[in-house]
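The structure under discussion appears below in the form of structure tokens.
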Amino acid sequence: MTLNIDATPEIPIERLDALVRSLSIEERANLTAGIDSWRAGGVDGIGLEPMLTQDGPNGVRGTTFARGSSATCTPCGTALGATWDVDIVAEVAARIGVEAKRAGVHYMLGPVVNIIRSPLGGRDFECYSEDPVLTARLAAAYVTGIQSQGVAACPKHFVGNDSETKRTTVNCIIDERALREVYLLPFEAVVKAGTWSMMVAYNRVNGIHCSRNAALNSTLLREEWGWDGVLMSDWYAAHDTADDATAGLDLEMPGPAKVLGSYLAEAVRARKVDEETLNSAALRVLTLAGRVGALPLDAEIEAGKERTPAHDAVTATRIAAAKRADFRRPWLQPAAADPSAPLEPVLLSDADAAALVRRAAADSFVLLTNDGTLPLNPAKTHRIAVLGPNAAAPCTQGGGAAHITAPYAISPLDGLRAALPEGTDFVHEPGCTKDRFVPQLTLLPVADMEGKPGLTVEFWHGQEPKGEPFVRYNSTSSDLHLFGDLPAGVAQNDFSIRLSGYLTPPMSGLYKIVMRGLGGRRLLVDGKLVADEWDSPAGIDIPTAIFEGKEDGDSFELEAGKPVLIAAELHSSSSSPSLLAIGTAAPDASDTLGAAVTAAKSADVAVVVVGTDEAWEHEGRDRQTTTLPGRQNELVERVAAANARTIVIVNAGCQMDLPWADKVAAVLYAWLPGQEFGNALADVLLGVAEPGGRLPVTIARSAADYPAFDTTPDSDDKLVYRESVNVGYRGFDAAGIAPRFAFGHGLGYTTFEYQSMELSAEGLCEGEPAELRVKVKNTGKRAGKEVVQLYVAPNKASVPRPKMELKGFAVVRLKPGESTEIVLTLEDRDLAWWDARKQHWHAEPGKYEILVGRSSRDIKLRQTFDLA
């Protein structure tokens, strides 16, 4: 794929350095801290306005945009990892860059390049793989793609943020070989790809918080790797002014500053921090500003000249004119007669984006098993049962920082209805639930205070919701995250809110009504106080609070058709995040599992969509099990017993147990595939598209088989990475355990023959790359995709090494009968291990076996060579 480069030309470093030195200490220090939740500080005198950042490994989150805004929701990290396709990843990232630039975003917080160490990791769905090489190459492609649009990538979280349990205090004990060979390798790759920024993690590594880890931030990143980008903190992850700045942290987020910024200026004046440390940080921030086009070109021309009040006045006039003319900054609208007028929604997605997401999702779906039922023949599919809790309410994306507001989400049920011929008989039953918490109130019939569908949200200044509200609007969600995206004029540390509406019960019975939240809150039903947490404190980590927060409320006998007023109130006296959610569970009046089985019996084919949702796929908390929530396993077993043509779609961000995998006709792993889920699924099930994915992780037969499973630190907050370099499939190989589905596994709708492999030389000298030529042929009757995987196995080594390691891969797309020859190379580094004693990579002389195949357990070609 050829990327359309739209980046600003680099400003010479000498000019930027002169510009830095023309600034006061306070102006330089302003560059090192955010001014609010999403903007880094600028300097008015040189025309540098605050630079906007947004979350979004899978789209532009848009926390600063007006209500009603939306952006394209792409497949999640593990889905992109499952494509094994650097071109698709670069294309998706470039699309995100297009939308970010259109919205005036200067740098995007992604990709997530941490390793999937345990299947329980709360943010596994944001990561690419359990393998460092696959992660590294896809992450580098993402960085290249997004930065081709002049928007900075910000790979995260450096380093060891591989789980969420006690993530701000956990001390990850990782031996140096594992650090270098597994966890640091993807970050090294994005540095080589030229990433313009990077984010340090919350956690400690071997006793030191990442923000002040000089060995990692200064010695490794800056000196050894020669990186010149901006190193920023995760939100509230900066710890100490002198330690963090001296270790190499350039930017503290969010603002207002607690560690850098004005505190850094004070430390420099007090000689607790060297002034050149501040200069280096400011220089890196200005370098990034130049790269993303945020620094006016004439600002650098003025570098070194004496600044005067007249110069500053001219600069200010130029900035104001640029703001008025700049269509890319929608949060500045409208600059019109009424400055209090509401902002216009920012709509970033379009038909081209939808087509890309649909194609990428299909290319990520992994066909684990297939007895020939797939692809379905529409002409022979007269009655189809679409079952499971995710069939009509799928999980298209995870929660937390990765969650965005998408324009829509196509369910599997809707996608199949649209794709199958008119007259096809559909029957749908959810079969069971998957809820982690009491479901949102807005899933039931509710009306706001004006009678419109949804709930009324009202804001007041001050700590009590009294008098006329400052802002009132309708919300279709009963789950409000109140941090950084408050209505204009509302201060984070001084507001109160009411979320209210009328529930009209669809049936009589016992209803459970609860609230969850972060901050002082209370719940009222028909004006009666039923839960009171008004004195509860706020917190700094809203993702954790969402899922650690308890549910407070009660159960009520309600009459069908008789409206009930439900309201929750919250107040905030802190600049920390707040959260308010109302959940309501209706009485269960039917045997939904039995209804699903009955539907399956009469259908030509049963499609069962099982999985998780955002309550399970969310940053801030790790899972406790890999078992599908609720009675989903029972649902699959019973439907499969009722219909031999049962196809199971697994809609989950990472590995789940599949105990019924050999009892059904086909299993398709669909990950969290973005807004086009249903359309892409229909394409694959009906054979319009190939199931192009291959597993980026290993799926075990038992939880005990994973080399790393429990993510709970010990009583001293230590989490020891005992498996060392044997992460994922390497650990299965070391223990001699057969997985249920191997790393790299995935079926298609055609067959491939691995015909031959040739090495450029049988014996290699150190420093010489080996060139492999592999011939592959499509021997089936359909066009298809194959992922050719290259593994290396040392015959002997002076240190324990994995049995084999992925070192290369290539995507091949061939027509029926077509063949091709692909070229893969092996460098010295691909054969090496990290020698911690001598502090260098060591490629040990001896025999090595090259293995080429379809997965780590399906090797087609082998050859041995000597490294002299």
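Each chain of the structure tokens is named A, B, ... in the order shown, its residues numbered from 1; ligands are numbered from 1 in display order.
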**Item:** Test item: residues at most 7 Å from Leu824 in chain A, only C-alpha atoms, excluding those fewer than 6 positions along its chain, as a list of chain:residue names
**Value:**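 Near neighbours after the sequence-gap exclusion: A:Glu771, A:Leu772, A:Arg773, A:Gly808.
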Output C-alpha atoms for every residue in that selection, as a PDB file, in the first residue's frame.
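After the write, part_10.pdb holds the following:
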ATOM      1  CA  GLU A 771      17.474 -14.847   2.312  1.00  0.00           C
ATOM      2  CA  LEU A 772      14.686 -17.408   2.128  1.00  0.00           C
ATOM      3  CA  ARG A 773      12.624 -18.028  -0.970  1.00  0.00           C
ATOM      4  CA  GLY A 808       8.996 -13.287  10.056  1.00  0.00           C
TER       5      GLY A 808
END
**Item:** For Val438 in chain A, the nearest of the candidates A:Ala391, A:Ile410, A:Ala586, A:Val811, counting only C-alpha atoms
**Value:**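 Using only C-alpha atoms, the shortest distance to Val438 in chain A belongs to A:Ala586.
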**Message:** Could you check the closest approach to Thr369 in chain A for each of A:Thr646, A:Asn279, A:Asn493, A:Ser602 and tell me which residue wins, using only C-alpha atoms?
**Reply:**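 With only C-alpha atoms as the atom set, the closest residue is A:Thr646.
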**Asked** Out of range 535-667 of chain A, which residues get strand (DSSP E) from DSSP, as a ChimeraX atom specification?
**Response** /A:552-558,564-572,578-585,605-611,646-651,666-667
**Request:** Considering only C-alpha atoms, state which residue in the set A:Ser573, A:Ser70, A:Ser218, A:Thr32 is at the smallest distance from His461 in chain A.
**Result:**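 Going through A:Ser573, A:Ser70, A:Ser218, A:Thr32 one by one, the smallest distance to His461 in chain A is for A:Ser573.
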**Item:** Those of range 825-858 of chain A in DSSP helix (DSSP H, G or I), formatted as a PyMOL selection string
**Value:** chain A and resi 828-831
**Request:** Rank nothing, just name the residue among A:Trp833, A:Phe426, A:Tyr706, A:Phe365 nearest to Pro691 in chain A, using only C-alpha atoms.
**Result:**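 Between A:Trp833, A:Phe426, A:Tyr706, A:Phe365, the residue approaching Pro691 in chain A most closely is A:Phe365.
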**Message:** Report as a list in words all protein, DNA and RNA residues lying within 9 Å of Val684 in chain A, evaluated on only C-alpha atoms, omitting residues in the same chain fewer than 4 positions from it.
**Reply:** Ala362, Phe365, Leu374, Pro375, Asn679, Ala680, Val688, Ala689, Glu690 and Pro691 of chain A
